[in-house]
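Heads up, the thing below is written out as structure tokens.
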2 protein chains.
Amino acid sequence: MRLALAQINPVVGDIAGNELLISNAIADARAAGAALVCLPELALTGYPPEDLLLKQHVLEDAAAALERLAIDVDGIVAIVGYPECDGAVYNSAAVLADGRIAGSYRKNHLPNYGVFDEHRYFERGTSGGLIELNGILIGLSICEDIWTAGAPESDEAEAGASLIVNLSASPYQAGKGTAREEMLAARATENGTAVAFCGQVGGQDELVFDGHSLVVDASGRIIARAPQFEQWLLTCEIELEQSEFSPPAGAPVELIGSFTTTPPSDDTSLDHILARVADDDDAVYSALVLATRDYAEKNGFNGVVLGLSGGVDSALVACIARDALGADRVTCVTMPSQYSSKGTYGDALAIAQALGLELIELAIGPLMAEYDSLLAAPFAGREPDITEENLQARIRGNLLMALSNKFGWLVLTTGNKSEMAVGYSTLYGDSAGGFAVIKDVPKTLVYRLCALRNARNDHPIPQSVLSRPPSAELRPDQADQDSLPPYEVLDPLLEGYIERDLGSEQLIEEGFDPATVARVIALVDRAEYKRRQQPPGIKVTGKAFGRDRRMPITNRYKG
Amino acid sequence: MRLALAQINPVVGDIAGNELLISNAIADARAAGAALVCLPELALTGYPPEDLLLKQHVLEDAAAALERLAIDVDGIVAIVGYPECDGAVYNSAAVLADGRIAGSYRKNHLPNYGVFDEHRYFERGTSGGLIELNGILIGLSICEDIWTAGAPESDEAEAGASLIVNLSASPYQAGKGTAREEMLAARATENGTAVAFCGQVGGQDELVFDGHSLVVDASGRIIARAPQFEQWLLTCEIELEQSEFSPPAGAPVELIGSFTTTPPSDDTSLDHILARVADDDDAVYSALVLATRDYAEKNGFNGVVLGLSGGVDSALVACIARDALGADRVTCVTMPSQYSSKGTYGDALAIAQALGLELIELAIGPLMAEYDSLLAAPFAGREPDITEENLQARIRGNLLMALSNKFGWLVLTTGNKSEMAVGYSTLYGDSAGGFAVIKDVPKTLVYRLCALRNARNDHPIPQSVLSRPPSAELRPDQADQDSLPPYEVLDPLLEGYIERDLGSEQLIEEGFDPATVARVIALVDRAEYKRRQQPPGIKVTGKAFGRDRRMPITNRYKG
């Protein structure tokens, strides 16, 4: 059997645009001689459509698009993810064949943890679904369905399936590629079936999807794999045995339909590739680039702007922005004050030059003086403190937003996850902007990604940026490590507290210093109000701030 | 039977503090001669604890607190809401009696819509639960359980219950009081049982709970009702029939235990009140006051600060702040520019004076000039536009935040729901702050609440504030109605689009002008990115921005 997996990049809500992507993918798959083509989960609406699914007219529009798509499907069977409205709403896979919608499989396992809210929108399906195609039985499943052993895949295999297809929109996070491949291989060998996994690709607000479409044979061996982080039509030839549909007693499994297609003539070319799996810092970098490009382009921005301080965070964001959008769509701004060092100022110039980016210079000294003068009366008798530091950051935020307003640019913020965690940032200051590129990247990973990017030909980040002790440069001789534990200690501690939900006792048992644990937990808890007002940013870890971690602001738990 | 409903105001996460509130309530109920006392849903952690429930050590701390509470419960039965960890986690009601935890009822119906995410945290219980107290059977239920007819209450009634108690944390919204009473009366008459509803009171981030504890007899008549929006121990005497536990065939109902208490001596006083139900604009005002007070106090702020423009929105917020915290904890700031009219300036002074609030004056002209001068080079050849308007708002935001930093005050923002909906606000400008008091109050309701507040003795809002056409005063002769439809049209249109999820066709069918519908929908959709960075504010309508409405930012749906 010749099989195609269409790893498309839909836009949430763009039903007409997604319909066109799907229709083109089906035509391309048929041209490549495929008997079966799979599209990702909820391909028609894009994933996740969130509360668009609560609007009846959105569901009706999706249903109408599916009807239109079906008309042209001939000589191939297409499995297309869509929201099915039938009294309740289901996360379904439509079987399009012979010019009509032959039936649907409804997702059995609805994730409702982490970033997922599927119980908010969907009723679960309660049976497996198969199609027969040229005498071969194929089981259908959607995303979460396949992450655990058992039904519906085991029922479908028992009913005779020699192939399970899975329509997915599986968000990327570091390490997920390997986990996904191990899981798919386990499902294949457990059930004695081949598995074809078709993933959505692209950025959608805080999520980025790596695609990672692949085909595993019944022995668990990967026989085809699409490149990650780009649109791809993966085609491959796989040997599958014919069998009779024999549903196991008591197991709810439905045969949706039987179809035949004509095998391709011998001269149909087949692009059967086995791309390298990316699942390391390289993949994180690719994820950040793709998500930044998609956020800017899907939201219609002609360019982006960012503050380039000469520090490591903004250096990395400048590289990502340039790689995502090209040098002529990225503008940098350096906004020195009397606390900015010559070193960082010079490094900002060097980075912009190496990346070929325009650099605007706006010295903020006069504005600082003007705020001080206006506030002299109400602040009479008070010493300078963090107030004046925050004002500098907010002046810079205002200037970036003014450029954004005037030129239509998206402001990229440059704060990392470690800072975001402990509140080491100024609300409406350095955190002001539309997209927080490295919001979920811990500081230690920021350094690794800089080194990785610097290994390319243009090596744009001067060594001085990487070796200088990190500083916000908001007062004389400031250094991050005056206020915070070293990042080599802080980052693993934050990982334990945030990603693994450990309490202070457990963290101390893991070997962290009790005073440091108490201080860091207090900082993290106290900064919740700041995080609630951050721009969206890209999830790349097991638990990102945002919809992935829903903490109350008003919270007196101390633990 | 003498019954007590303890309408307490817990703090989320403050397990030790909540334990003390509960323990005091139980002691007070016993002193009042009650045989049974009910506490609200999840009283031990406060509601909603959100992702605190994903932390094992939080669940363990709650379990330990429950054990401690049980020890002192004697001569009374206490029903206490808590998160029960038994392999899975349940939203449970513990039965405390005779110095021990006699058992638990597990919530059957878990809401996972609107602001609720209970499937994220809990497994559902699958049986009803009763206790026998002095020969009387009492059925247990938790919040959502009672909002629909049927099990578990119908099973509990069939098993012999003559009273159903319901532990709730039921967020307030306009009209909910009436709906709740009608629902409770319906449940009582359907099942032929009395119903006792015990509600949490207080503000928690975006939610405010009105308490509204009440007792309905089996005929559906309300026989006791606590005042809303304050802590209260409601006690009442109710005639209930004894019966035998006889579980219906096939229905899963558990008898948790049988208990006896000594009836009170005759001289125990009973405060049996039937407070007026508040379910109109008065209730909305009370909700805003309580939520503002609780947000400030539960988060440890010594005072609040707000920009007082002389417009109707900030006038209302000043009244709410003053009523919530007292005049000496509220500071106002007037920040005139050359576009501010003498009328609004004078009105700001008058409002502050009438409310007895300190007013700081900071004229922003020099800062505007300094920004213009710094940006002259990059803006060369461009006309002034919304950029300069936003800069004014952001200067004001910076000044309020500087006062907040220096004096530890919470900044209250003053934007209303109509503005928030169409994006008629400046990100990091007028929307900069910690708590958005009237974020969910449409402009037409703002006027009604001002009129209502003005009816009190101090009538603090000058008539000119209410009669002047609304304006942001960011350019000469600006008026809201130049950019927006009249609020009398806009507000109902927004209600249809946001609260009822109607599409453009449906709105046009309801009689709205097609061009206005298209314009307003586009404005609402385009402003999603702004709303994502707003401070939390108080839900008072059927669908608030925030966790109640989860829309993608990247969203090309046009409908």
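Residues are referred to by chain and number: the chain letter is A, B, ... according to the order shown in the structure tokens, the number counts from 1 in that chain, and ligands are numbered separately from 1 in the order shown.
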
Could you write out, as a PDB file with C-alpha atoms, in the first residue's frame, all the residues of segment 281-349 of chain A that DSSP marks as alpha helix (DSSP H)?
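After the write, out38.pdb holds the following:
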```
ATOM      1  CA  ASP A 281      19.004  21.921  21.398  1.00  0.00           C
ATOM      2  CA  ASP A 282      18.952  22.155  17.611  1.00  0.00           C
ATOM      3  CA  ALA A 283      15.300  21.206  17.668  1.00  0.00           C
ATOM      4  CA  VAL A 284      14.537  23.800  20.336  1.00  0.00           C
ATOM      5  CA  TYR A 285      16.177  26.455  18.174  1.00  0.00           C
ATOM      6  CA  SER A 286      14.166  25.337  15.135  1.00  0.00           C
ATOM      7  CA  ALA A 287      10.999  25.394  17.212  1.00  0.00           C
ATOM      8  CA  LEU A 288      11.654  28.978  18.333  1.00  0.00           C
ATOM      9  CA  VAL A 289      12.342  30.114  14.782  1.00  0.00           C
ATOM     10  CA  LEU A 290       9.212  28.477  13.365  1.00  0.00           C
ATOM     11  CA  ALA A 291       6.940  29.734  16.142  1.00  0.00           C
ATOM     12  CA  THR A 292       8.263  33.288  15.827  1.00  0.00           C
ATOM     13  CA  ARG A 293       7.819  33.294  12.060  1.00  0.00           C
ATOM     14  CA  ASP A 294       4.296  31.896  12.314  1.00  0.00           C
ATOM     15  CA  TYR A 295       3.208  34.278  15.066  1.00  0.00           C
ATOM     16  CA  ALA A 296       4.394  37.272  13.027  1.00  0.00           C
ATOM     17  CA  GLU A 297       3.086  36.082   9.680  1.00  0.00           C
ATOM     18  CA  LYS A 298      -0.205  34.539  10.756  1.00  0.00           C
ATOM     19  CA  VAL A 312      22.876  37.250  25.945  1.00  0.00           C
ATOM     20  CA  ASP A 313      19.046  37.110  25.932  1.00  0.00           C
ATOM     21  CA  SER A 314      18.469  39.829  23.363  1.00  0.00           C
ATOM     22  CA  ALA A 315      21.387  38.513  21.301  1.00  0.00           C
ATOM     23  CA  LEU A 316      19.628  35.149  21.034  1.00  0.00           C
ATOM     24  CA  VAL A 317      16.261  36.709  20.219  1.00  0.00           C
ATOM     25  CA  ALA A 318      17.886  38.808  17.479  1.00  0.00           C
ATOM     26  CA  CYS A 319      19.321  35.644  15.908  1.00  0.00           C
ATOM     27  CA  ILE A 320      15.971  33.848  16.081  1.00  0.00           C
ATOM     28  CA  ALA A 321      14.120  36.842  14.607  1.00  0.00           C
ATOM     29  CA  ARG A 322      16.613  37.128  11.762  1.00  0.00           C
ATOM     30  CA  ASP A 323      16.462  33.413  11.001  1.00  0.00           C
ATOM     31  CA  ALA A 324      12.653  33.483  11.168  1.00  0.00           C
ATOM     32  CA  LEU A 325      11.939  36.551   9.061  1.00  0.00           C
ATOM     33  CA  LYS A 342      30.637  50.489  26.901  1.00  0.00           C
ATOM     34  CA  GLY A 343      31.048  46.756  26.538  1.00  0.00           C
ATOM     35  CA  THR A 344      27.371  45.950  26.146  1.00  0.00           C
ATOM     36  CA  TYR A 345      26.814  48.963  23.901  1.00  0.00           C
ATOM     37  CA  GLY A 346      29.622  47.877  21.593  1.00  0.00           C
ATOM     38  CA  ASP A 347      28.366  44.308  21.602  1.00  0.00           C
ATOM     39  CA  ALA A 348      24.892  45.437  20.577  1.00  0.00           C
ATOM     40  CA  LEU A 349      26.414  47.207  17.577  1.00  0.00           C
TER      41      LEU A 349
END
```

Can you check which residues of segment 217-455 of chain A DSSP gives as strand (DSSP E or B) on the backbone and send them as number ranges by chain?
-> A: 222-225, 232-237, 253-259, 274, 304-307, 330-334, 358-361, 410-413, 435-436

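You will find atom CA of Arg549 of chain A at 12.5 Å from atom CA of Tyr121 of chain B.
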
Spatial neighbours of Ala25 of chain A, max dist 9 Å, only C-alpha atoms, sep filter under 6 positions, as an MDAnalysis selection string = chainID A and resid 5:8 37 39 233

Up to 6 Å from chain A, what residues of chain B turn up? Count only C-alpha atoms and give them as a PDB file with C-alpha atoms, in the first residue's frame.
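Dumped everything to part.pdb:
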```
ATOM      1  CA  VAL B  12      -6.825  30.122  48.615  1.00  0.00           C
ATOM      2  CA  GLY B  13      -3.791  28.154  49.750  1.00  0.00           C
ATOM      3  CA  ASP B  14      -3.976  29.335  53.351  1.00  0.00           C
ATOM      4  CA  GLU B  50      -6.241  25.751  40.546  1.00  0.00           C
ATOM      5  CA  ASP B  51      -2.878  24.045  39.987  1.00  0.00           C
ATOM      6  CA  LYS B  55       1.069  19.436  44.101  1.00  0.00           C
ATOM      7  CA  ASN B 112     -15.530  21.926  33.077  1.00  0.00           C
ATOM      8  CA  TYR B 113     -16.945  24.922  31.237  1.00  0.00           C
ATOM      9  CA  ARG B 120      -8.195  18.932  35.140  1.00  0.00           C
ATOM     10  CA  ASN B 299      -2.480  40.056  48.671  1.00  0.00           C
ATOM     11  CA  THR B 387       1.346  56.513  18.555  1.00  0.00           C
ATOM     12  CA  ALA B 402       6.190  54.430  39.984  1.00  0.00           C
ATOM     13  CA  ASN B 405       6.681  50.802  43.443  1.00  0.00           C
ATOM     14  CA  LYS B 406       7.624  53.572  45.843  1.00  0.00           C
ATOM     15  CA  TYR B 428       0.738  49.386  29.315  1.00  0.00           C
ATOM     16  CA  ASP B 501     -21.407  33.435  21.005  1.00  0.00           C
ATOM     17  CA  GLN B 533      -2.080  41.088  28.947  1.00  0.00           C
ATOM     18  CA  GLN B 534      -4.731  42.742  31.101  1.00  0.00           C
ATOM     19  CA  ARG B 550     -10.426  31.373  25.915  1.00  0.00           C
ATOM     20  CA  MET B 551      -9.908  32.671  22.436  1.00  0.00           C
ATOM     21  CA  THR B 554      -3.778  33.920  16.145  1.00  0.00           C
ATOM     22  CA  ASN B 555      -7.233  33.481  14.671  1.00  0.00           C
ATOM     23  CA  ARG B 556      -8.330  34.144  11.123  1.00  0.00           C
ATOM     24  CA  TYR B 557     -11.961  33.206  11.612  1.00  0.00           C
TER      25      TYR B 557
END
```

Segment 210-220 of chain A environment, 6 Å, only C-alpha atoms, sequence neighbours closer than 2 positions dropped, as a PyMOL selection string | chain A and resi 7+172+185+188-189+192-201+222-226+228-229

So which residues touch segment 442-451 of chain B within 6 Å, counting only C-alpha atoms, skipping near sequence neighbours fewer than 5 positions away, as number ranges by chain?
-> B: 316, 416-418

Would you kindly return, as an NGL selection string, each protein, DNA or RNA residue with an atom no farther than 6 Å from any atom of segment 66-77 of chain B, considering only C-alpha atoms and excluding same-chain residues fewer than 4 positions away?
-> :B and (35-36 or 96-101 or 261)

Expected file contents, prior selection, N, CA and C atoms, as a compact mmCIF listing (two decimals), in the first residue's frame:
```txt
# COMPACT_ATOMS: atom_id res chain seq x y z
N ALA B 35 -27.17 20.82 65.47
CA ALA B 35 -26.77 19.42 65.40
C ALA B 35 -25.87 19.18 64.20
N LEU B 36 -26.01 20.04 63.20
CA LEU B 36 -25.28 19.87 61.94
C LEU B 36 -24.76 21.22 61.49
N LEU B 96 -17.35 14.96 59.62
CA LEU B 96 -16.58 14.95 60.87
C LEU B 96 -17.55 14.80 62.04
N ALA B 97 -17.31 13.79 62.87
CA ALA B 97 -18.21 13.54 64.01
C ALA B 97 -17.51 12.65 65.00
N ASP B 98 -17.86 12.81 66.26
CA ASP B 98 -17.31 11.97 67.32
C ASP B 98 -15.78 11.93 67.28
N GLY B 99 -15.17 13.06 66.97
CA GLY B 99 -13.71 13.17 67.01
C GLY B 99 -12.97 12.50 65.89
N ARG B 100 -13.69 12.15 64.80
CA ARG B 100 -12.99 11.49 63.70
C ARG B 100 -13.62 11.83 62.35
N ILE B 101 -12.91 11.44 61.30
CA ILE B 101 -13.46 11.57 59.95
C ILE B 101 -14.28 10.31 59.69
N THR B 261 -26.84 13.56 68.50
CA THR B 261 -26.37 14.72 69.27
C THR B 261 -27.44 15.03 70.31
```

Which residues, written as a PyMOL selection string, have at least one atom at most 6 Å from segment 83-94 of chain B, with only C-alpha atoms counted and residues fewer than 6 positions away on the same chain left out?
-> chain B and resi 103-107+122-123

With C-alpha atoms kept, could you save the residues just selected as a CSV table (one decimal), in the first residue's frame?
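Wrote selection38.csv, looks like this:
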```
chain,number,residue,atom,x,y,z
B,103,GLY,CA,-16.3,9.2,55.8
B,104,SER,CA,-16.7,11.3,52.7
B,105,TYR,CA,-19.0,12.1,49.8
B,106,ARG,CA,-17.4,12.7,46.4
B,107,LYS,CA,-18.7,15.2,44.0
B,122,PHE,CA,-10.6,15.6,39.9
B,123,GLU,CA,-12.1,12.2,39.3
```

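The spacing separating atom CA of Tyr424 of chain B from atom CA of Arg475 of chain B amounts to 14.2 Å.
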